[in-house]
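Worksheet for the structure shown next.
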Amino acid sequence: MIEVRELRREFTLSTKVGRFRREKRTVLAVDAVSFDVAAGEAVGYVGPNGAGKSTTIKMLTGVLVPTSGHVRVSGVDPSRGRRELARRIGVVFGQRSQLWWDLPLRDSFDLLRAIYRVSRGDYEARLRECVELLDLGPFLDTPVRQLSLGQRMRGEVTAALLHGPELLVLDEPTIGLDLESKERLREFLADLNTQRGTTLLLTTHDLDDIERLCPRLVVIDRGTVLADGPLDELRAEVAPERVLVVDLEKPAEGLDDLPGVTATRTELNGLRHHLTFRRADTTAAALISAVAARAEVHDLVVVEPEIDDVVRRLYARR
Amino acid sequence: MAESVYVRIIGARLRGQMSYRTSFALQCLAQAVTQLGELLVILVLFNRVSALGGFSVNEVVLMYAIAGTAFGIADMVAGQLDQLPTYIRTGTFDVVLLRPLGTLAQMMTSDVQLRKIGRVGAGLATLVYAVNHNDIGWSPFTVLLVVAAPIGGAVIFGSIWIMANAICFWLVDGQELANTVTYGSSAFTSYPATVYGPWLRRFFAFVIPGAFVAYYPSLALLGRPDPLGGPALLGWISPLVAVVAAGVAGLVWRSAVRHYRGTGS
């Protein structure tokens, strides 16, 4: 679905030096990025601000022309076939609206139907589905400018799907949304990917988005790909520790000599214990039975490393 | 099929503007008053002088009417290109690039200002007056020219507008420069070219083909030779100049968009 090889993008910045002289400086925003996305995948494209995420997305969608390298999206070269590509993919920019702000949502959709030349039947079926799943009904006739951010984002996603794209590219789709709106949007996107088979590529700073939606992660920093793989593998590689948190019936001491435990922390006067262990050394099950042999366990939970922790360690590794 | 898309976009924009009827009517009126106010300036001027650059009051009013109508039409169709710097700065232009339509057509249809019909209406009324108060040798050709001149003029203005605003793709604060050219050419065309100095005249007549909007067509309608010695043909070829200007404007726009996608400034 997406094929990127040795993609590079330079920007020329000119800064004022003195009164009239200007100095030109070339900045490499994207440097030799390569990755593939197969049809039906859901891939998270993450990295800190200024890493080159948006620049890559713009080159994939035909907004920017690459300095060099090879890009194919849906079999189309985005820089040459911008308009053809536009018919095949859907794009949602979290901070840029593609709706008409003074028109009711429904009229914006109707215009997009004309722009993308969607047949009346397909359009109505897709719209009906989105209205139902994203609960657009209550504000379908409200002008876009009066919508809340959460309502507008649901409208934006619908707008990007009306022409039935095989790939949906989302640039920070959950930015600024409250928890409930985020959750609703994630659920919708997850279904779109698993039920419909729509390929997803999304950039985000909210790593919960990745956890919920993307089995695979491409991490980029300073224009180059740092890591590419399943979230679980990346986590095992850079953050192999897990934590077993046990709540005991009675306070107890001395759980730190259990086999495989690398660090401990005690809370609530010895009632709660945080036991850090490595996957390679022991399993959660073995550790749980070892704890149960020493004290009466009231409750327990196994905590995986936070995903931002994983990404932070990847950055630190360079 | 493709055209019907733009018709629908424009239709939707107009519905939005018409939803506040009183406000819309007042804005139309304001546009008409602006247009007629400029006419008043010409009339006041003629209270002091009997001829301007060798032309009588009615002849100048004819030029002014053609120029005003042309400007009004162009402003209605291409006026929202003024929004281009905002589009570029806020990144909205990226959204334009994400749609399967041409960028220029999208920009021009993005916000058609129907209230500018007030200006067009005032211009047309002035034109009807001017045509009746000048000695025009009526023939099928002159009739055609009376109709073609404002339309060709609108195309010329529109082309100037496109080219001037395309500057904004290279210069972030190109708006001032663009306005100088667009509104400057409007002011120029409203008076006979003879009132200007030779350099300004040549610049606005041929570099920016403003003189073809009203000056040369008016000479042709009036059957007058060009006091500046230009051939009589110039008045008749102004629709052709309009076509050429539109072609050049299209090329300039294309390279401007290519530059944008190449730099992403």
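Simple scheme: letters A, B, ... for chains in structure tokens order, numbers from 1 for residues in each chain, numbers from 1 for ligands in the order shown.
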
So that each row is one residue of chain A with an atom at most 6 Å from chain B, can you give its shortest atom pair and the distance in Å to one decimal, using only C-alpha atoms, rows by chain and rising number, as CSV?
residue,atom,partner,partner_atom,distance
A:Val63,CA,B:Leu97,CA,5.8
A:Leu64,CA,B:Arg261,CA,4.4
A:Val65,CA,B:Gly262,CA,5.4
A:Arg83,CA,B:Pro100,CA,4.1
A:Ala86,CA,B:Pro100,CA,5.2
A:Ala114,CA,B:Val5,CA,5.6
A:Ile115,CA,B:Val5,CA,5.8

Show which residues sit within 9 Å of region 195-212 of chain A, as a short mmCIF file (atom, residue, chain, number, x, y, z; two decimals) with C-alpha atoms, in the first residue's frame. Count only C-alpha atoms, and ignore same-chain residues fewer than 4 positions away.
data_model
loop_
_atom_site.label_atom_id
_atom_site.label_comp_id
_atom_site.auth_asym_id
_atom_site.auth_seq_id
_atom_site.Cartn_x
_atom_site.Cartn_y
_atom_site.Cartn_z
CA MET A 1 0.00 0.00 0.00
CA VAL A 37 3.08 -0.66 4.78
CA ALA A 38 1.08 -3.63 3.55
CA ALA A 39 -2.63 -3.43 2.74
CA GLY A 40 -4.71 -3.85 5.88
CA GLU A 41 -1.96 -2.89 8.32
CA ALA A 42 -2.28 -0.23 11.01
CA VAL A 43 0.99 1.58 11.57
CA GLY A 44 1.86 4.26 14.07
CA TYR A 45 4.42 6.79 12.89
CA VAL A 46 5.81 8.41 16.01
CA GLY A 47 8.60 10.72 17.01
CA PRO A 48 9.20 13.94 18.93
CA ASN A 49 8.27 17.36 17.52
CA LYS A 53 6.70 13.11 10.78
CA SER A 54 4.55 15.75 9.12
CA ILE A 57 3.09 12.55 5.65
CA PRO A 165 -10.44 5.21 0.54
CA GLU A 166 -8.29 2.09 0.87
CA LEU A 167 -5.78 4.02 2.99
CA LEU A 168 -6.53 6.51 5.73
CA VAL A 169 -3.70 8.80 6.81
CA LEU A 170 -4.24 10.61 10.10
CA ASP A 171 -1.95 13.35 11.38
CA GLU A 172 -2.54 13.71 15.12
CA PRO A 173 -6.21 12.79 15.00
CA THR A 174 -6.78 12.82 18.76
CA ILE A 175 -4.94 16.04 19.59
CA LYS A 182 -10.61 9.96 22.03
CA GLU A 183 -11.96 6.61 23.05
CA ARG A 186 -10.13 4.98 18.56
CA GLU A 187 -12.86 2.40 18.69
CA LEU A 189 -10.72 3.50 13.73
CA ALA A 190 -9.92 0.08 15.18
CA ASP A 191 -13.13 -1.30 13.65
CA ARG A 216 3.27 -1.89 14.42
CA LEU A 217 5.32 1.17 15.19
CA LEU A 231 5.10 -2.76 19.63
CA GLU A 306 4.61 2.62 29.55
CA ILE A 307 4.84 3.10 25.86
CA ASP A 308 6.37 6.56 26.19
#

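The shortest atom-to-atom distance to Glu267 (chain A), with only C-alpha atoms taken into account, belongs to A:Asp247 out of A:Trp101, A:Asp247, A:Glu241, A:Cys214.
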
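Counting only C-alpha atoms and comparing B:Leu228, B:Gly72, B:Ala178, B:Ile167, the residue that lies closest to Trp253 (chain B) is B:Ile167.
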
Near Leu127 (chain B), counting only C-alpha atoms, which residues have an atom at most 7 Å away, once you skip same-chain residues fewer than 3 positions from it, shown as a VMD selection string?
chain B and resid 62 65 to 66 123 to 124 130 to 131

Any chance you could list, as a ChimeraX atom specification, the residues in region 4-236 of chain B that come up alpha helix (DSSP H) when DSSP is run on the backbone? /B:4-18,21-48,57-78,84-90,92-97,103-109,117-132,140-166,175-189,198-202,215-222,233-236

Please save C-alpha atoms of the selected residues as a compact mmCIF listing (two decimals), in the first residue's frame.
# COMPACT_ATOMS: atom_id res chain seq x y z
CA SER B 4 -20.83 20.94 -12.06
CA VAL B 5 -18.60 20.42 -9.01
CA TYR B 6 -17.63 24.08 -9.07
CA VAL B 7 -21.22 25.15 -9.70
CA ARG B 8 -22.17 23.23 -6.57
CA ILE B 9 -19.33 24.67 -4.53
CA ILE B 10 -20.27 28.20 -5.59
CA GLY B 11 -23.94 27.44 -4.94
CA ALA B 12 -23.19 26.30 -1.42
CA ARG B 13 -21.05 29.38 -0.74
CA LEU B 14 -23.82 31.66 -1.99
CA ARG B 15 -26.44 29.95 0.15
CA GLY B 16 -24.23 30.65 3.14
CA GLN B 17 -23.96 34.34 2.24
CA MET B 18 -27.65 34.74 1.46
CA ARG B 21 -30.63 38.73 3.80
CA THR B 22 -30.60 42.25 5.22
CA SER B 23 -26.88 42.21 5.78
CA PHE B 24 -26.39 40.87 2.27
CA ALA B 25 -28.55 43.62 0.73
CA LEU B 26 -26.67 46.30 2.67
CA GLN B 27 -23.32 44.94 1.55
CA CYS B 28 -24.48 44.98 -2.08
CA LEU B 29 -25.56 48.57 -1.62
CA ALA B 30 -22.22 49.50 -0.07
CA GLN B 31 -20.40 48.03 -3.05
CA ALA B 32 -22.58 50.00 -5.46
CA VAL B 33 -22.03 53.22 -3.47
CA THR B 34 -18.25 52.70 -3.58
CA GLN B 35 -18.39 52.32 -7.31
CA LEU B 36 -20.62 55.39 -7.80
CA GLY B 37 -18.48 57.40 -5.37
CA GLU B 38 -15.54 57.03 -7.70
CA LEU B 39 -17.74 58.23 -10.53
CA LEU B 40 -18.59 61.30 -8.49
CA VAL B 41 -14.88 62.13 -8.24
CA ILE B 42 -14.67 62.17 -12.03
CA LEU B 43 -17.73 64.42 -12.31
CA VAL B 44 -16.37 66.84 -9.71
CA LEU B 45 -13.10 66.93 -11.59
CA PHE B 46 -14.91 67.89 -14.78
CA ASN B 47 -16.51 70.82 -12.95
CA ARG B 48 -13.06 72.36 -13.00
CA VAL B 57 -16.66 63.92 -19.56
CA ASN B 58 -18.89 61.39 -21.27
CA GLU B 59 -15.94 59.69 -22.90
CA VAL B 60 -14.14 59.36 -19.60
CA VAL B 61 -17.33 58.02 -18.01
CA LEU B 62 -17.46 55.36 -20.73
CA MET B 63 -13.93 54.22 -19.89
CA TYR B 64 -14.72 54.32 -16.23
CA ALA B 65 -17.88 52.25 -16.76
CA ILE B 66 -16.11 49.50 -18.71
CA ALA B 67 -13.25 49.40 -16.21
CA GLY B 68 -15.60 49.43 -13.21
CA THR B 69 -17.79 46.62 -14.54
CA ALA B 70 -14.74 44.54 -15.45
CA PHE B 71 -13.18 45.13 -12.06
CA GLY B 72 -16.42 44.22 -10.31
CA ILE B 73 -16.73 40.91 -12.16
CA ALA B 74 -13.06 40.07 -11.58
CA ASP B 75 -13.32 41.00 -7.92
CA MET B 76 -16.33 38.72 -7.54
CA VAL B 77 -14.63 35.76 -9.20
CA ALA B 78 -10.97 36.14 -8.25
CA LEU B 84 -3.96 33.14 -0.30
CA PRO B 85 -1.39 34.40 2.24
CA THR B 86 -3.69 33.23 5.04
CA TYR B 87 -4.14 29.89 3.30
CA ILE B 88 -0.39 29.49 3.02
CA ARG B 89 0.40 30.65 6.54
CA THR B 90 -2.19 28.49 8.27
CA THR B 92 -5.04 25.46 4.63
CA PHE B 93 -3.42 25.37 1.21
CA ASP B 94 -2.30 21.83 2.04
CA VAL B 95 -5.97 20.86 2.25
CA VAL B 96 -6.47 22.39 -1.21
CA LEU B 97 -3.68 20.13 -2.46
CA THR B 103 -5.74 24.37 -7.05
CA LEU B 104 -6.59 27.60 -8.86
CA ALA B 105 -10.20 26.63 -9.50
CA GLN B 106 -10.56 25.64 -5.85
CA MET B 107 -9.12 28.95 -4.65
CA MET B 108 -11.37 30.98 -6.95
CA THR B 109 -14.52 29.13 -5.95
CA ILE B 117 -22.68 42.15 -7.67
CA GLY B 118 -23.55 45.61 -6.31
CA ARG B 119 -20.41 47.00 -7.88
CA VAL B 120 -21.08 45.19 -11.14
CA GLY B 121 -24.64 46.52 -11.18
CA ALA B 122 -23.49 50.10 -10.64
CA GLY B 123 -20.86 49.63 -13.34
CA LEU B 124 -23.42 48.31 -15.81
CA ALA B 125 -25.83 51.17 -15.08
CA THR B 126 -23.02 53.65 -15.72
CA LEU B 127 -22.17 51.79 -18.92
CA VAL B 128 -25.75 52.04 -20.19
CA TYR B 129 -25.69 55.77 -19.45
CA ALA B 130 -22.29 56.26 -21.11
CA VAL B 131 -23.24 54.31 -24.22
CA ASN B 132 -26.33 56.51 -24.66
CA PRO B 140 -22.64 44.50 -35.15
CA PHE B 141 -18.95 44.92 -34.27
CA THR B 142 -19.43 47.78 -31.84
CA VAL B 143 -22.36 45.98 -30.19
CA LEU B 144 -20.14 42.94 -29.78
CA LEU B 145 -17.34 45.07 -28.39
CA VAL B 146 -19.60 46.75 -25.80
CA VAL B 147 -20.42 43.28 -24.48
CA ALA B 148 -16.95 41.81 -24.90
CA ALA B 149 -14.98 44.69 -23.41
CA PRO B 150 -16.19 44.33 -19.78
CA ILE B 151 -15.85 40.54 -19.95
CA GLY B 152 -12.41 40.64 -21.56
CA GLY B 153 -11.47 43.33 -19.06
CA ALA B 154 -12.61 41.08 -16.23
CA VAL B 155 -10.40 38.29 -17.58
CA ILE B 156 -7.46 40.69 -17.78
CA PHE B 157 -8.06 41.92 -14.23
CA GLY B 158 -8.48 38.33 -13.04
CA SER B 159 -5.21 37.34 -14.68
CA ILE B 160 -3.43 40.28 -13.10
CA TRP B 161 -4.93 39.23 -9.79
CA ILE B 162 -3.74 35.65 -10.15
CA MET B 163 -0.22 36.63 -11.13
CA ALA B 164 0.09 39.27 -8.44
CA ASN B 165 -1.14 36.95 -5.71
CA ALA B 166 1.05 34.10 -6.91
CA GLN B 175 0.31 40.86 -0.20
CA GLU B 176 1.26 44.56 -0.17
CA LEU B 177 3.00 44.21 -3.50
CA ALA B 178 0.07 42.25 -4.92
CA ASN B 179 -2.41 44.92 -3.80
CA THR B 180 -0.34 47.66 -5.40
CA VAL B 181 -0.62 45.88 -8.72
CA THR B 182 -4.28 44.84 -8.48
CA TYR B 183 -5.82 47.99 -7.07
CA GLY B 184 -3.24 50.15 -8.82
CA SER B 185 -4.22 48.72 -12.19
CA SER B 186 -7.87 49.30 -11.33
CA ALA B 187 -7.20 52.98 -10.64
CA PHE B 188 -5.17 53.25 -13.82
CA THR B 189 -7.80 51.81 -16.10
CA PRO B 198 4.97 57.87 -20.61
CA TRP B 199 6.71 55.33 -18.35
CA LEU B 200 3.75 54.61 -16.14
CA ARG B 201 1.63 54.44 -19.27
CA ARG B 202 3.84 51.90 -20.97
CA TYR B 215 -8.85 52.63 -22.84
CA TYR B 216 -8.35 50.93 -26.22
CA PRO B 217 -11.85 49.40 -26.44
CA SER B 218 -13.35 52.82 -25.66
CA LEU B 219 -11.33 54.41 -28.45
CA ALA B 220 -12.63 51.76 -30.82
CA LEU B 221 -16.22 52.32 -29.70
CA LEU B 222 -15.89 56.09 -30.06
CA LEU B 233 -6.57 47.70 -34.15
CA LEU B 234 -5.61 47.76 -30.45
CA GLY B 235 -9.19 48.36 -29.38
CA TRP B 236 -10.50 45.32 -31.20
